[in-house]
>>> print(open('work15.txt').read())   # compact mmCIF, C-alpha atoms
# COMPACT_ATOMS: atom_id res chain seq x y z
CA MET A 30 -8.43 24.33 21.42
CA ALA A 31 -8.87 28.10 21.00
CA PHE A 32 -5.77 30.28 20.67
CA GLU A 33 -5.55 33.99 21.41
CA SER A 34 -3.61 36.10 18.96
CA ILE A 35 -0.40 37.71 20.19
CA ALA A 36 -0.61 41.47 20.30
CA SER A 37 2.76 41.98 18.64
CA ARG A 38 2.99 42.07 14.87
CA ARG A 39 4.73 39.47 12.75
CA PRO A 40 8.41 39.53 13.80
CA ASP A 41 11.04 40.53 11.30
CA ASN A 42 13.34 37.65 12.32
CA ILE A 43 10.69 35.01 11.65
CA GLU A 44 13.40 32.42 10.89
CA ALA A 45 14.40 32.45 14.60
CA TYR A 46 11.05 30.94 15.63
CA THR A 47 11.77 27.29 14.91
CA MET A 48 10.46 25.34 17.93
CA THR A 49 6.89 24.08 18.28
CA VAL A 50 4.98 23.81 21.55
CA ARG A 51 5.32 20.02 21.54
CA GLU A 52 9.08 20.23 21.06
CA ALA A 53 9.31 22.76 23.89
CA ALA A 54 7.35 20.43 26.19
CA ARG A 55 9.85 17.68 25.39
CA VAL A 56 12.74 19.99 26.34
CA PHE A 57 11.13 20.69 29.72
CA GLU A 58 10.55 16.97 30.27
CA ASP A 59 14.13 16.05 29.40
CA ALA A 60 15.37 18.67 31.88
CA GLY A 61 13.34 17.08 34.69
CA VAL A 62 10.76 19.86 34.98
CA ALA A 63 7.97 18.54 32.79
CA ARG A 64 5.31 21.05 31.77
CA THR A 65 2.13 20.50 29.80
CA GLU A 66 1.57 21.97 26.37
CA ARG A 67 -1.29 24.01 27.85
CA SER A 68 1.12 25.70 30.28
CA ILE A 69 3.59 26.46 27.50
CA ILE A 70 0.81 27.98 25.37
CA ASN A 71 -0.20 30.19 28.31
CA TRP A 72 3.42 31.37 28.59
CA CYS A 73 3.32 32.30 24.90
CA GLN A 74 0.49 34.76 25.53
CA PRO A 75 1.03 38.20 27.11
CA ASN A 76 0.11 38.60 30.78
CA ARG A 77 -1.71 41.56 32.31
CA GLN A 78 1.38 43.69 31.88
CA GLY A 79 1.49 42.75 28.18
CA ILE A 80 4.64 40.63 28.59
CA ALA A 81 4.88 37.02 27.43
CA ARG A 82 7.22 34.67 29.28
CA LEU A 83 8.24 32.91 26.06
CA ASP A 84 9.24 34.65 22.86
CA ALA A 85 6.63 33.16 20.55
CA PHE A 86 4.85 33.87 17.30
CA PHE A 87 1.38 32.58 16.39
CA ASP A 88 1.09 31.49 12.77
CA GLU A 89 -2.47 32.15 11.61
CA ASN A 90 -2.13 29.77 8.65
CA ALA A 91 -0.74 26.82 10.62
CA ARG A 92 -2.84 27.69 13.71
CA LYS A 93 0.06 27.00 16.05
CA TYR A 94 2.76 28.78 18.04
CA TYR A 95 6.42 28.86 17.10
CA LEU A 96 8.99 29.69 19.79
CA THR A 97 12.64 30.67 19.89
CA PRO A 98 14.89 28.01 21.45
CA GLN A 99 16.66 30.70 23.50
CA SER A 100 13.47 31.72 25.32
CA VAL A 101 12.65 28.07 26.02
CA GLU A 102 16.10 27.50 27.51
CA ARG A 103 15.69 30.55 29.77
CA ALA A 104 12.31 29.29 30.97
CA VAL A 105 13.79 25.85 31.69
CA GLU A 106 16.55 27.42 33.80
CA GLU A 107 13.96 29.44 35.71
CA GLU A 108 11.88 26.33 36.43
CA LEU A 109 14.98 24.43 37.56
CA ALA A 110 15.90 27.28 39.92
CA LYS A 111 12.38 27.26 41.39
CA ALA A 112 12.54 23.49 41.89
CA ARG A 113 15.91 23.71 43.67
CA ALA A 114 14.66 26.52 45.88
CA ALA A 115 11.62 24.43 46.82
CA GLY A 116 13.85 21.46 47.63
CA THR A 117 12.45 19.32 44.84
CA GLN A 118 14.59 16.29 44.02
CA LEU A 119 15.72 16.61 40.42
CA PRO A 120 16.98 13.70 38.35
CA ASN A 121 20.74 13.55 37.86
CA PRO A 122 21.65 12.82 34.24
CA SER A 123 24.77 10.95 35.39
CA GLU A 124 22.59 8.54 37.36
CA ALA A 125 20.61 7.48 34.34
CA GLN A 126 20.59 3.74 34.12
CA ALA A 127 22.33 2.22 31.16
CA PRO A 128 20.20 -0.10 29.06
CA ALA A 129 20.44 -3.69 30.18
CA ALA A 130 22.71 -5.78 28.03
CA GLU A 131 21.00 -8.42 25.97
CA PRO A 132 21.72 -11.95 27.14
CA ILE A 133 24.23 -13.77 24.99
CA PRO A 134 22.69 -16.90 23.55
CA LYS A 135 24.29 -20.11 24.69
CA ARG A 136 26.55 -21.61 22.09
CA VAL A 137 25.69 -25.15 21.13
CA GLU A 138 28.74 -27.29 21.68
CA ALA A 139 29.41 -30.56 19.93
CA GLU A 140 29.22 -32.34 23.28
CA ASP A 141 25.60 -31.20 23.69
CA LEU A 142 24.51 -32.97 20.50
CA PRO A 143 23.22 -36.54 20.86
CA GLY A 144 25.71 -39.20 19.86
CA LYS A 145 24.98 -41.69 17.11
CA GLY A 146 23.55 -44.89 18.54
CA SER A 147 22.16 -43.22 21.65
CA GLY A 148 18.49 -43.27 22.57
CA ARG A 149 18.02 -39.63 21.64
CA TRP A 150 19.68 -40.22 18.25
CA GLU A 151 17.35 -43.12 17.48
CA GLU A 152 14.35 -41.03 18.52
CA LEU A 153 15.40 -38.26 16.13
CA GLU A 154 15.84 -40.78 13.33
CA ARG A 155 12.32 -42.13 13.93
CA GLU A 156 10.88 -38.62 13.87
CA ASN A 157 12.74 -37.93 10.63
CA ARG A 158 11.36 -41.10 9.01
CA ASP A 159 7.84 -40.28 10.18
CA LEU A 160 8.11 -36.82 8.65
CA GLN A 161 9.34 -38.26 5.36
CA ILE A 162 6.46 -40.76 5.26
CA THR A 163 3.94 -38.04 6.07
CA THR A 164 5.35 -35.83 3.32
CA ARG A 165 5.19 -38.62 0.74
CA ALA A 166 1.61 -39.49 1.75
CA LYS A 167 0.60 -35.85 1.46
CA ASP A 168 2.17 -35.57 -2.01
CA TYR A 169 0.42 -38.78 -3.13
CA PHE A 170 -2.93 -37.54 -1.82
CA ILE A 171 -2.55 -34.22 -3.63
CA GLU A 172 -1.59 -36.04 -6.84
CA GLN A 173 -4.66 -38.29 -6.61
CA LEU A 174 -6.92 -35.30 -6.05
CA GLN A 175 -5.49 -33.65 -9.14
CA LYS A 176 -6.04 -36.80 -11.21
CA ASP A 177 -9.63 -37.16 -9.97
CA ARG A 178 -10.27 -33.53 -10.76
CA ASP A 179 -8.93 -33.91 -14.30
CA ALA A 180 -11.01 -37.07 -14.86
CA PHE A 181 -14.14 -35.34 -13.61
CA ALA A 182 -13.49 -32.41 -15.93
CA ARG A 183 -13.10 -34.74 -18.93
CA GLU A 184 -16.27 -36.66 -18.02
CA ARG A 185 -18.26 -33.46 -17.62
CA SER A 186 -17.03 -32.18 -20.97
CA ALA A 187 -18.07 -35.46 -22.66
CA LEU A 188 -21.55 -35.29 -21.11
CA ILE A 189 -21.99 -31.71 -22.27
CA ASP A 190 -20.98 -32.71 -25.81
CA LYS A 191 -23.52 -35.57 -25.77
CA LEU A 192 -26.23 -33.26 -24.49
CA VAL A 193 -25.55 -30.75 -27.24
CA ALA A 194 -25.57 -33.50 -29.89
CA SER A 195 -28.86 -34.88 -28.52
CA SER A 196 -30.44 -31.43 -28.58
CA GLU A 197 -29.40 -30.97 -32.20
CA ARG A 198 -30.78 -34.43 -33.10
CA ILE A 199 -34.11 -33.63 -31.45
CA GLY A 200 -34.31 -30.39 -33.37
CA VAL A 201 -33.75 -32.20 -36.67
CA LEU A 202 -36.43 -34.80 -35.87
CA GLU A 203 -38.95 -32.13 -34.93
CA THR A 204 -38.31 -30.35 -38.22
CA LYS A 205 -38.86 -33.56 -40.22
CA LEU A 206 -42.06 -34.30 -38.28
CA LEU A 207 -43.47 -30.88 -39.08
CA GLN A 208 -42.63 -31.38 -42.75
CA LEU A 209 -44.47 -34.74 -42.86
CA GLU A 210 -47.68 -33.34 -41.38
CA GLY A 211 -49.82 -31.24 -43.71
CA PRO A 212 -50.92 -27.79 -42.63
CA ARG A 213 -54.61 -28.84 -42.51
CA GLU A 214 -54.25 -32.56 -41.97
CA VAL A 215 -54.96 -33.85 -38.51
CA ARG A 216 -54.14 -37.39 -37.56
CA LYS A 217 -55.79 -39.03 -34.67
CA VAL A 218 -54.23 -42.12 -33.22
CA GLN A 219 -56.21 -44.40 -31.02
CA VAL A 220 -54.55 -47.22 -29.18
CA VAL A 221 -56.72 -50.14 -28.31
CA ALA A 222 -55.32 -52.75 -25.98
CA ASP A 223 -57.08 -56.08 -25.97
CA GLY A 224 -55.23 -58.91 -24.25
CA SER A 225 -51.94 -59.51 -26.01
CA ASP A 226 -53.11 -57.84 -29.25
CA SER A 227 -52.43 -54.17 -29.89
CA GLY A 228 -52.89 -52.01 -32.93
CA ASP A 229 -53.26 -48.52 -34.26
CA GLN A 230 -56.51 -47.31 -35.83
CA LEU A 231 -56.60 -44.20 -37.92
CA ASP A 232 -59.93 -42.30 -38.34
>>> encode(input="work15.txt", output="structure tokens")
Amino acid sequence: MAFESIASRRPDNIEAYTMTVREAARVFEDAGVARTERSIINWCQPNRQGIARLDAFFDENARKYYLTPQSVERAVEEELAKARAAGTQLPNPSEAQAPAAEPIPKRVEAEDLPGKGSGRWEELERENRDLQITTRAKDYFIEQLQKDRDAFARERSALIDKLVASSERIGVLETKLLQLEGPREVRKVQVVADGSDSGDQLD
């Protein structure tokens, strides 16, 4: 939204300009003569005669208008007078509807509660027992899951330990095998299977 600068210089009584355009629009609306922010901005700018309807100051830093409450009140009175002259029905503040009272919650009397031994009482007892059984079953199931999880963790740890030990054992055996074989000695093993007899022949 583009704003036109006001021709007048920065006012000396700058502290009197305390109302924003949005706040002014709310004042018009509360008075029953709602006006848009665009209309209020137009009233802040000088007309062809160089006179602005509202006493306003445009802050270049904030990029917004600031108005004096007195000029806004005068403009509201003028708009109300125009509306009355035109026969426009204005809202009467005294006719404003009061907020509806909140309903008072019904108080639970002792007579409304089911008596012991009645059908409703027995039904509530059954529901209570079912809830207790369900809660115990849920706790037992959670406990079993925790036990199974702990057992699985222990079993996995044992398998990992065995795997590490086996790897170390294989490494030791490979080292011994390399030590037994000479650097230039090559052994050739031939397996001959003949019926039930078997043997190794070294060349």
>>> residues_near_point(input="work15.txt", point="(10.4, 18.4, 33.5)", cutoff="12 Å", atoms="all atoms listed in the file", output="PDB file with C-alpha atoms, in the coordinates of the input")
ATOM      1  CA  ALA A  53       9.310  22.760  23.890  1.00  0.00           C
ATOM      2  CA  ALA A  54       7.350  20.430  26.190  1.00  0.00           C
ATOM      3  CA  ARG A  55       9.850  17.680  25.390  1.00  0.00           C
ATOM      4  CA  VAL A  56      12.740  19.990  26.340  1.00  0.00           C
ATOM      5  CA  PHE A  57      11.130  20.690  29.720  1.00  0.00           C
ATOM      6  CA  GLU A  58      10.550  16.970  30.270  1.00  0.00           C
ATOM      7  CA  ASP A  59      14.130  16.050  29.400  1.00  0.00           C
ATOM      8  CA  ALA A  60      15.370  18.670  31.880  1.00  0.00           C
ATOM      9  CA  GLY A  61      13.340  17.080  34.690  1.00  0.00           C
ATOM     10  CA  VAL A  62      10.760  19.860  34.980  1.00  0.00           C
ATOM     11  CA  ALA A  63       7.970  18.540  32.790  1.00  0.00           C
ATOM     12  CA  ARG A  64       5.310  21.050  31.770  1.00  0.00           C
ATOM     13  CA  THR A  65       2.130  20.500  29.800  1.00  0.00           C
ATOM     14  CA  GLU A  66       1.570  21.970  26.370  1.00  0.00           C
ATOM     15  CA  ALA A 104      12.310  29.290  30.970  1.00  0.00           C
ATOM     16  CA  VAL A 105      13.790  25.850  31.690  1.00  0.00           C
ATOM     17  CA  GLU A 106      16.550  27.420  33.800  1.00  0.00           C
ATOM     18  CA  GLU A 107      13.960  29.440  35.710  1.00  0.00           C
ATOM     19  CA  GLU A 108      11.880  26.330  36.430  1.00  0.00           C
ATOM     20  CA  LEU A 109      14.980  24.430  37.560  1.00  0.00           C
ATOM     21  CA  ALA A 112      12.540  23.490  41.890  1.00  0.00           C
ATOM     22  CA  THR A 117      12.450  19.320  44.840  1.00  0.00           C
ATOM     23  CA  GLN A 118      14.590  16.290  44.020  1.00  0.00           C
ATOM     24  CA  LEU A 119      15.720  16.610  40.420  1.00  0.00           C
ATOM     25  CA  PRO A 120      16.980  13.700  38.350  1.00  0.00           C
TER      26      PRO A 120
END
>>> atom_distance(input="work15.txt", atom1="atom CA of A:Leu202", atom2="atom CA of A:Ser186")
24.6 Å
>>> atom_distance(input="work15.txt", atom1="atom CA of A:Asp41", atom2="atom CA of A:Phe86")
10.9 Å
>>> residues_around(input="work15.txt", residues="A:Pro40", least_positions_apart="5", cutoff="12 Å", atoms="all atoms listed in the file", output="list in words")
Ile35, Ala45, Tyr46, Asp84, Ala85, Phe86, Phe87, Asp88, Tyr95, Leu96 and Thr97 of chain A
>>> write_last_selection(input="work15.txt", atoms="C-alpha atoms", output="mmCIF file, keeping the file's coordinate frame")
data_model
loop_
_atom_site.group_PDB
_atom_site.id
_atom_site.type_symbol
_atom_site.label_atom_id
_atom_site.label_comp_id
_atom_site.auth_asym_id
_atom_site.auth_seq_id
_atom_site.Cartn_x
_atom_site.Cartn_y
_atom_site.Cartn_z
ATOM 1 C CA ILE A 35 -0.400 37.710 20.190
ATOM 2 C CA ALA A 45 14.400 32.450 14.600
ATOM 3 C CA TYR A 46 11.050 30.940 15.630
ATOM 4 C CA ASP A 84 9.240 34.650 22.860
ATOM 5 C CA ALA A 85 6.630 33.160 20.550
ATOM 6 C CA PHE A 86 4.850 33.870 17.300
ATOM 7 C CA PHE A 87 1.380 32.580 16.390
ATOM 8 C CA ASP A 88 1.090 31.490 12.770
ATOM 9 C CA TYR A 95 6.420 28.860 17.100
ATOM 10 C CA LEU A 96 8.990 29.690 19.790
ATOM 11 C CA THR A 97 12.640 30.670 19.890
#
>>> closest_residue(input="work15.txt", among="A:Arg51, A:Arg39, A:Arg185, A:Arg113", to="A:Ile70", atoms="all atoms listed in the file")
A:Arg51
>>> atom_distance(input="work15.txt", atom1="atom CA of A:Lys93", atom2="atom CA of A:Trp72")
13.7 Å
